[in-house]
$ cat upload_22.pdb   # PDB, C-alpha atoms, pLDDT in the B column
ATOM      1  CA  GLN A   7       9.990  15.439   2.921  1.00 89.00           C
ATOM      2  CA  VAL A   8       8.557  12.035   3.718  1.00 92.00           C
ATOM      3  CA  ARG A   9      10.483   8.825   3.069  1.00 96.00           C
ATOM      4  CA  LEU A  10       8.664   5.542   2.569  1.00 97.00           C
ATOM      5  CA  VAL A  11      10.374   2.163   2.742  1.00 95.00           C
ATOM      6  CA  GLU A  12       8.460  -0.976   1.847  1.00 95.00           C
ATOM      7  CA  SER A  13       9.107  -4.537   2.916  1.00 94.00           C
ATOM      8  CA  GLY A  14       7.445  -7.842   2.215  1.00 94.00           C
ATOM      9  CA  GLY A  15       6.315  -9.098  -1.140  1.00 92.00           C
ATOM     10  CA  GLY A  16       7.666 -12.057  -3.050  1.00 96.00           C
ATOM     11  CA  LEU A  17       6.374 -15.161  -4.764  1.00 97.00           C
ATOM     12  CA  VAL A  18       3.297 -16.965  -3.480  1.00 97.00           C
ATOM     13  CA  GLN A  19       0.968 -19.625  -4.838  1.00 98.00           C
ATOM     14  CA  PRO A  20      -2.650 -18.825  -5.668  1.00 98.00           C
ATOM     15  CA  GLY A  21      -4.729 -18.843  -2.503  1.00 98.00           C
ATOM     16  CA  GLY A  22      -1.757 -17.900  -0.377  1.00 98.00           C
ATOM     17  CA  SER A  23      -1.098 -14.859   1.775  1.00 98.00           C
ATOM     18  CA  LEU A  24       1.477 -12.095   1.975  1.00 98.00           C
ATOM     19  CA  ARG A  25       1.932  -9.075   4.194  1.00 98.00           C
ATOM     20  CA  LEU A  26       3.408  -5.796   2.993  1.00 98.00           C
ATOM     21  CA  SER A  27       4.700  -3.151   5.363  1.00 97.00           C
ATOM     22  CA  CYS A  28       5.698   0.450   4.805  1.00 97.00           C
ATOM     23  CA  ALA A  29       7.701   2.533   7.246  1.00 96.00           C
ATOM     24  CA  ALA A  30       7.454   6.305   7.033  1.00 95.00           C
ATOM     25  CA  SER A  31      10.091   8.745   8.228  1.00 92.00           C
ATOM     26  CA  GLY A  32      10.744  12.462   7.934  1.00 89.00           C
ATOM     27  CA  ARG A  33       7.881  14.946   8.225  1.00 85.00           C
ATOM     28  CA  ILE A  34       5.414  12.285   9.261  1.00 83.00           C
ATOM     29  CA  PHE A  35       3.298  14.762  11.218  1.00 84.00           C
ATOM     30  CA  SER A  36       2.148  16.150   7.870  1.00 86.00           C
ATOM     31  CA  ILE A  37       0.744  12.847   6.596  1.00 87.00           C
ATOM     32  CA  SER A  38      -3.033  12.837   6.249  1.00 89.00           C
ATOM     33  CA  ALA A  39      -3.452   9.462   4.563  1.00 94.00           C
ATOM     34  CA  MET A  40      -1.408   6.476   3.493  1.00 95.00           C
ATOM     35  CA  GLY A  41      -2.153   3.697   1.127  1.00 96.00           C
ATOM     36  CA  TRP A  42      -1.048   1.072  -1.338  1.00 98.00           C
ATOM     37  CA  TYR A  43      -1.165   1.213  -5.100  1.00 98.00           C
ATOM     38  CA  ARG A  44      -0.167  -1.445  -7.600  1.00 98.00           C
ATOM     39  CA  GLN A  45       0.991  -1.495 -11.181  1.00 98.00           C
ATOM     40  CA  ALA A  46       0.861  -4.573 -13.358  1.00 96.00           C
ATOM     41  CA  PRO A  47       2.964  -4.817 -16.531  1.00 92.00           C
ATOM     42  CA  GLY A  48       1.522  -2.644 -19.261  1.00 94.00           C
ATOM     43  CA  LYS A  49      -1.144  -1.192 -17.006  1.00 96.00           C
ATOM     44  CA  GLN A  50      -1.644   2.009 -15.044  1.00 97.00           C
ATOM     45  CA  ARG A  51      -0.918   2.333 -11.366  1.00 97.00           C
ATOM     46  CA  VAL A  52      -4.165   1.929  -9.418  1.00 98.00           C
ATOM     47  CA  LEU A  53      -5.285   2.316  -5.844  1.00 98.00           C
ATOM     48  CA  VAL A  54      -5.508  -0.879  -3.800  1.00 98.00           C
ATOM     49  CA  ALA A  55      -6.298   0.440  -0.323  1.00 98.00           C
ATOM     50  CA  ARG A  56      -6.079   3.707   1.572  1.00 97.00           C
ATOM     51  CA  ILE A  57      -6.388   4.692   5.229  1.00 95.00           C
ATOM     52  CA  THR A  58      -6.530   8.121   6.847  1.00 92.00           C
ATOM     53  CA  SER A  59      -4.275   9.135   9.719  1.00 83.00           C
ATOM     54  CA  SER A  60      -6.978   8.559  12.285  1.00 80.00           C
ATOM     55  CA  GLY A  61      -7.855   5.231  10.746  1.00 74.00           C
ATOM     56  CA  GLY A  62     -11.423   6.418  10.532  1.00 80.00           C
ATOM     57  CA  ASN A  63     -11.693   6.264   6.772  1.00 93.00           C
ATOM     58  CA  ILE A  64     -10.615   3.198   4.795  1.00 95.00           C
ATOM     59  CA  ASN A  65     -11.124   2.553   1.109  1.00 96.00           C
ATOM     60  CA  TYR A  66     -10.491  -0.588  -0.948  1.00 98.00           C
ATOM     61  CA  ALA A  67     -10.522  -1.338  -4.626  1.00 98.00           C
ATOM     62  CA  ASP A  68     -13.485  -3.554  -5.469  1.00 97.00           C
ATOM     63  CA  SER A  69     -11.122  -6.237  -6.705  1.00 97.00           C
ATOM     64  CA  VAL A  70      -9.551  -6.730  -3.257  1.00 98.00           C
ATOM     65  CA  LYS A  71     -12.488  -6.198  -0.912  1.00 98.00           C
ATOM     66  CA  GLY A  72     -12.861  -9.081   1.503  1.00 97.00           C
ATOM     67  CA  ARG A  73      -9.346 -10.353   0.769  1.00 98.00           C
ATOM     68  CA  PHE A  74      -7.017  -7.482   1.673  1.00 98.00           C
ATOM     69  CA  THR A  75      -6.846  -5.539   4.918  1.00 98.00           C
ATOM     70  CA  ILE A  76      -5.009  -2.260   5.418  1.00 97.00           C
ATOM     71  CA  SER A  77      -3.935  -1.097   8.865  1.00 95.00           C
ATOM     72  CA  ARG A  78      -1.640   1.509  10.355  1.00 92.00           C
ATOM     73  CA  ASP A  79       0.348   1.852  13.544  1.00 90.00           C
ATOM     74  CA  ASN A  80       0.854   5.530  14.232  1.00 85.00           C
ATOM     75  CA  ALA A  81       3.219   4.812  17.116  1.00 88.00           C
ATOM     76  CA  LYS A  82       5.558   2.995  14.729  1.00 90.00           C
ATOM     77  CA  ASN A  83       4.728   5.155  11.702  1.00 90.00           C
ATOM     78  CA  THR A  84       3.908   2.116   9.612  1.00 93.00           C
ATOM     79  CA  VAL A  85       1.112   1.018   7.332  1.00 95.00           C
ATOM     80  CA  SER A  86       0.565  -2.625   6.435  1.00 97.00           C
ATOM     81  CA  LEU A  87      -1.398  -4.539   3.838  1.00 98.00           C
ATOM     82  CA  GLN A  88      -2.447  -8.072   4.681  1.00 98.00           C
ATOM     83  CA  MET A  89      -3.248  -9.906   1.466  1.00 98.00           C
ATOM     84  CA  ASN A  90      -5.160 -13.183   1.650  1.00 98.00           C
ATOM     85  CA  SER A  91      -6.618 -15.482  -0.982  1.00 98.00           C
ATOM     86  CA  LEU A  92      -4.192 -14.123  -3.532  1.00 98.00           C
ATOM     87  CA  LYS A  93      -4.947 -14.541  -7.218  1.00 98.00           C
ATOM     88  CA  PRO A  94      -2.670 -14.450 -10.257  1.00 97.00           C
ATOM     89  CA  GLU A  95      -4.264 -11.147 -11.223  1.00 97.00           C
ATOM     90  CA  ASP A  96      -2.898  -9.637  -8.010  1.00 98.00           C
ATOM     91  CA  THR A  97       0.581  -9.902  -9.520  1.00 98.00           C
ATOM     92  CA  ALA A  98       2.063  -6.418  -9.704  1.00 98.00           C
ATOM     93  CA  VAL A  99       4.561  -4.029  -8.213  1.00 98.00           C
ATOM     94  CA  TYR A 100       3.033  -2.615  -5.046  1.00 98.00           C
ATOM     95  CA  TYR A 101       3.839   0.944  -4.010  1.00 98.00           C
ATOM     96  CA  CYS A 102       3.368   2.608  -0.663  1.00 98.00           C
ATOM     97  CA  HIS A 103       1.887   6.108  -0.933  1.00 97.00           C
ATOM     98  CA  ALA A 104       1.528   9.028   1.460  1.00 96.00           C
ATOM     99  CA  HIS A 105      -0.527  12.189   1.073  1.00 93.00           C
ATOM    100  CA  THR A 106       0.170  15.213   3.244  1.00 92.00           C
ATOM    101  CA  ASN A 107      -1.979  17.990   4.611  1.00 90.00           C
ATOM    102  CA  TRP A 108      -0.235  20.350   2.199  1.00 88.00           C
ATOM    103  CA  GLY A 109      -1.155  18.326  -0.868  1.00 89.00           C
ATOM    104  CA  ASN A 110       2.229  16.673  -1.388  1.00 92.00           C
ATOM    105  CA  GLU A 111       2.488  13.062  -2.460  1.00 95.00           C
ATOM    106  CA  TYR A 112       5.284  10.599  -1.759  1.00 96.00           C
ATOM    107  CA  TRP A 113       5.987   7.112  -3.061  1.00 97.00           C
ATOM    108  CA  GLY A 114       8.016   4.159  -1.929  1.00 97.00           C
ATOM    109  CA  GLN A 115      10.363   2.322  -4.251  1.00 96.00           C
ATOM    110  CA  GLY A 116       7.908  -0.505  -4.891  1.00 96.00           C
ATOM    111  CA  THR A 117       7.932  -4.199  -4.044  1.00 97.00           C
ATOM    112  CA  GLN A 118       7.131  -7.060  -6.398  1.00 97.00           C
ATOM    113  CA  VAL A 119       4.273  -9.428  -5.622  1.00 98.00           C
ATOM    114  CA  THR A 120       3.995 -12.476  -7.868  1.00 98.00           C
ATOM    115  CA  VAL A 121       1.140 -14.959  -7.541  1.00 98.00           C
ATOM    116  CA  SER A 122       1.894 -18.084  -9.513  1.00 96.00           C
ATOM    117  CA  SER A 123       1.908 -21.844  -9.182  1.00 94.00           C
TER
END
$ encode --input "upload_22.pdb" --output "structure tokens"
Amino acid sequence: QVRLVESGGGLVQPGGSLRLSCAASGRIFSISAMGWYRQAPGKQRVLVARITSSGGNINYADSVKGRFTISRDNAKNTVSLQMNSLKPEDTAVYYCHAHTNWGNEYWGQGTQVTVSS
């Protein structure tokens, strides 16, 4: 089992910044990749950014490239998402995700990000 606990999120004006963090606990040695997904009202959950355990492979959704940065601290078992130049269309519930070497997937409880003036 892997437990994911998110922090950060909130209300920010367009053009502002927020930082999300996710702390992993449990069988963390089995994690091969971590990432962030988001789900806007009435829409499907989609990948925002993903990073492998080594940090050697990072992927971003086209809509956030150049604005969001994902990073991980293996010593602290955390993954973070720095979000800059936020737009109203970034408004969604953001979920931390972990994928293990055995093919298991785990999700955090989600944190709301609202971009509005």
$ resolve_selection --input "upload_22.pdb" --expression "the PyMOL selection byres ((chain A and resi 94-104) around 8)" --output "PyMOL selection string"
chain A and resi 8+10-12+20+28+37-47+92-93+105-106+111-122
$ atom_distance --input "upload_22.pdb" --atom1 "atom CA of Gln19 of chain A" --atom2 "atom CA of Phe74 of chain A"
15.9 Å
$ residues_near_point --input "upload_22.pdb" --point "(-8.8, -4.3, -2.9)" --cutoff "12 Å" --atoms "only C-alpha atoms" --output "ChimeraX atom specification"
/A:41-44,52-56,64-76,87-93,95-96
$ atom_distance --input "upload_22.pdb" --atom1 "atom CA of Arg9 of chain A" --atom2 "atom CA of Leu24 of chain A"
22.8 Å
$ atom_distance --input "upload_22.pdb" --atom1 "atom CA of Asp79 of chain A" --atom2 "atom CA of Gln50 of chain A"
28.7 Å
$ axis_aligned_box --input "upload_22.pdb" --around "segment 39-51 of chain A" --padding-each-side "6 Å" --output "lines of an AutoDock Vina configuration file"
center_x = -0.2
center_y = 2.3
center_z = -7.3
size_x = 18.4
size_y = 26.3
size_z = 35.8
$ closest_residue --input "upload_22.pdb" --among "A:Trp108, A:Gly48, A:Gly61, A:Arg25" --to "Gln7 of chain A" --atoms "all atoms listed in the file"
A:Trp108
$ residues_around --input "upload_22.pdb" --residues "Arg78 of chain A" --least-positions-apart "4" --cutoff "9 Å" --atoms "all atoms listed in the file" --output "list in words"
Met40, Ile57, Thr58, Ser59, Gly61, Lys82, Asn83, Thr84, Val85, Ser86 and Leu87 of chain A
$ closest_residue --input "upload_22.pdb" --among "A:Ala81, A:Val18, A:Ser123, A:Asn63" --to "Ala30 of chain A" --atoms "all atoms listed in the file"
A:Ala81
$ closest_residue --input "upload_22.pdb" --among "A:Gly15, A:Ser77, A:Gly109, A:Gly22" --to "Ser60 of chain A" --atoms "all atoms listed in the file"
A:Ser77
$ build_atoms --input "upload_22.pdb" --residues "segment 80-91 of chain A" --atoms "all heavy atoms" --output "PDB file, in the frame of the given file"
ATOM      1  N   ASN A  80       0.315   4.177  14.169  1.00 85.00           N
ATOM      2  CA  ASN A  80       0.854   5.530  14.232  1.00 85.00           C
ATOM      3  C   ASN A  80       2.047   5.633  15.184  1.00 85.00           C
ATOM      4  O   ASN A  80       2.914   6.486  15.003  1.00 85.00           O
ATOM      5  CB  ASN A  80      -0.237   6.512  14.631  1.00 85.00           C
ATOM      6  CG  ASN A  80      -1.241   6.734  13.527  1.00 85.00           C
ATOM      7  OD1 ASN A  80      -0.942   6.541  12.341  1.00 85.00           O
ATOM      8  ND2 ASN A  80      -2.454   7.127  13.885  1.00 85.00           N
ATOM      9  N   ALA A  81       2.089   4.781  16.179  1.00 88.00           N
ATOM     10  CA  ALA A  81       3.219   4.812  17.116  1.00 88.00           C
ATOM     11  C   ALA A  81       4.509   4.389  16.418  1.00 88.00           C
ATOM     12  O   ALA A  81       5.598   4.876  16.744  1.00 88.00           O
ATOM     13  CB  ALA A  81       2.927   3.912  18.307  1.00 88.00           C
ATOM     14  N   LYS A  82       4.379   3.476  15.460  1.00 90.00           N
ATOM     15  CA  LYS A  82       5.558   2.995  14.729  1.00 90.00           C
ATOM     16  C   LYS A  82       5.684   3.639  13.356  1.00 90.00           C
ATOM     17  O   LYS A  82       6.630   3.355  12.626  1.00 90.00           O
ATOM     18  CB  LYS A  82       5.491   1.475  14.581  1.00 90.00           C
ATOM     19  CG  LYS A  82       5.532   0.710  15.891  1.00 90.00           C
ATOM     20  CD  LYS A  82       5.490  -0.788  15.663  1.00 90.00           C
ATOM     21  CE  LYS A  82       5.569  -1.556  16.965  1.00 90.00           C
ATOM     22  NZ  LYS A  82       5.505  -3.020  16.759  1.00 90.00           N
ATOM     23  N   ASN A  83       4.714   4.484  13.000  1.00 90.00           N
ATOM     24  CA  ASN A  83       4.728   5.155  11.702  1.00 90.00           C
ATOM     25  C   ASN A  83       4.766   4.151  10.549  1.00 90.00           C
ATOM     26  O   ASN A  83       5.551   4.306   9.597  1.00 90.00           O
ATOM     27  CB  ASN A  83       5.923   6.122  11.606  1.00 90.00           C
ATOM     28  CG  ASN A  83       5.905   7.158  12.699  1.00 90.00           C
ATOM     29  OD1 ASN A  83       4.860   7.726  12.990  1.00 90.00           O
ATOM     30  ND2 ASN A  83       7.056   7.396  13.315  1.00 90.00           N
ATOM     31  N   THR A  84       3.947   3.139  10.652  1.00 93.00           N
ATOM     32  CA  THR A  84       3.908   2.116   9.612  1.00 93.00           C
ATOM     33  C   THR A  84       2.472   1.908   9.120  1.00 93.00           C
ATOM     34  O   THR A  84       1.501   2.157   9.833  1.00 93.00           O
ATOM     35  CB  THR A  84       4.445   0.767  10.122  1.00 93.00           C
ATOM     36  OG1 THR A  84       3.655   0.348  11.240  1.00 93.00           O
ATOM     37  CG2 THR A  84       5.905   0.873  10.552  1.00 93.00           C
ATOM     38  N   VAL A  85       2.380   1.454   7.894  1.00 95.00           N
ATOM     39  CA  VAL A  85       1.112   1.018   7.332  1.00 95.00           C
ATOM     40  C   VAL A  85       1.346  -0.356   6.707  1.00 95.00           C
ATOM     41  O   VAL A  85       2.396  -0.596   6.103  1.00 95.00           O
ATOM     42  CB  VAL A  85       0.567   2.018   6.292  1.00 95.00           C
ATOM     43  CG1 VAL A  85       1.490   2.146   5.102  1.00 95.00           C
ATOM     44  CG2 VAL A  85      -0.822   1.618   5.843  1.00 95.00           C
ATOM     45  N   SER A  86       0.407  -1.260   6.908  1.00 97.00           N
ATOM     46  CA  SER A  86       0.565  -2.625   6.435  1.00 97.00           C
ATOM     47  C   SER A  86      -0.608  -3.029   5.554  1.00 97.00           C
ATOM     48  O   SER A  86      -1.705  -2.472   5.670  1.00 97.00           O
ATOM     49  CB  SER A  86       0.673  -3.587   7.624  1.00 97.00           C
ATOM     50  OG  SER A  86       1.805  -3.288   8.416  1.00 97.00           O
ATOM     51  N   LEU A  87      -0.359  -3.994   4.703  1.00 98.00           N
ATOM     52  CA  LEU A  87      -1.398  -4.539   3.838  1.00 98.00           C
ATOM     53  C   LEU A  87      -1.340  -6.056   3.950  1.00 98.00           C
ATOM     54  O   LEU A  87      -0.372  -6.672   3.493  1.00 98.00           O
ATOM     55  CB  LEU A  87      -1.195  -4.105   2.389  1.00 98.00           C
ATOM     56  CG  LEU A  87      -2.295  -4.520   1.416  1.00 98.00           C
ATOM     57  CD1 LEU A  87      -3.585  -3.756   1.726  1.00 98.00           C
ATOM     58  CD2 LEU A  87      -1.868  -4.257  -0.027  1.00 98.00           C
ATOM     59  N   GLN A  88      -2.333  -6.630   4.589  1.00 98.00           N
ATOM     60  CA  GLN A  88      -2.447  -8.072   4.681  1.00 98.00           C
ATOM     61  C   GLN A  88      -3.240  -8.563   3.485  1.00 98.00           C
ATOM     62  O   GLN A  88      -4.384  -8.143   3.286  1.00 98.00           O
ATOM     63  CB  GLN A  88      -3.148  -8.482   5.976  1.00 98.00           C
ATOM     64  CG  GLN A  88      -3.352  -9.974   6.144  1.00 98.00           C
ATOM     65  CD  GLN A  88      -2.054 -10.730   6.255  1.00 98.00           C
ATOM     66  OE1 GLN A  88      -1.111 -10.299   6.914  1.00 98.00           O
ATOM     67  NE2 GLN A  88      -1.983 -11.890   5.608  1.00 98.00           N
ATOM     68  N   MET A  89      -2.621  -9.434   2.697  1.00 98.00           N
ATOM     69  CA  MET A  89      -3.248  -9.906   1.466  1.00 98.00           C
ATOM     70  C   MET A  89      -3.497 -11.407   1.579  1.00 98.00           C
ATOM     71  O   MET A  89      -2.551 -12.191   1.717  1.00 98.00           O
ATOM     72  CB  MET A  89      -2.325  -9.609   0.272  1.00 98.00           C
ATOM     73  CG  MET A  89      -1.948  -8.148   0.159  1.00 98.00           C
ATOM     74  SD  MET A  89      -0.973  -7.779  -1.316  1.00 98.00           S
ATOM     75  CE  MET A  89       0.536  -8.662  -0.966  1.00 98.00           C
ATOM     76  N   ASN A  90      -4.764 -11.776   1.556  1.00 98.00           N
ATOM     77  CA  ASN A  90      -5.160 -13.183   1.650  1.00 98.00           C
ATOM     78  C   ASN A  90      -5.842 -13.620   0.355  1.00 98.00           C
ATOM     79  O   ASN A  90      -6.259 -12.787  -0.445  1.00 98.00           O
ATOM     80  CB  ASN A  90      -6.098 -13.393   2.826  1.00 98.00           C
ATOM     81  CG  ASN A  90      -5.466 -13.044   4.159  1.00 98.00           C
ATOM     82  OD1 ASN A  90      -4.251 -13.206   4.352  1.00 98.00           O
ATOM     83  ND2 ASN A  90      -6.263 -12.549   5.082  1.00 98.00           N
ATOM     84  N   SER A  91      -5.950 -14.918   0.197  1.00 98.00           N
ATOM     85  CA  SER A  91      -6.618 -15.482  -0.982  1.00 98.00           C
ATOM     86  C   SER A  91      -6.097 -14.852  -2.268  1.00 98.00           C
ATOM     87  O   SER A  91      -6.882 -14.436  -3.139  1.00 98.00           O
ATOM     88  CB  SER A  91      -8.142 -15.276  -0.869  1.00 98.00           C
ATOM     89  OG  SER A  91      -8.634 -15.881   0.311  1.00 98.00           O
TER      90      SER A  91
END
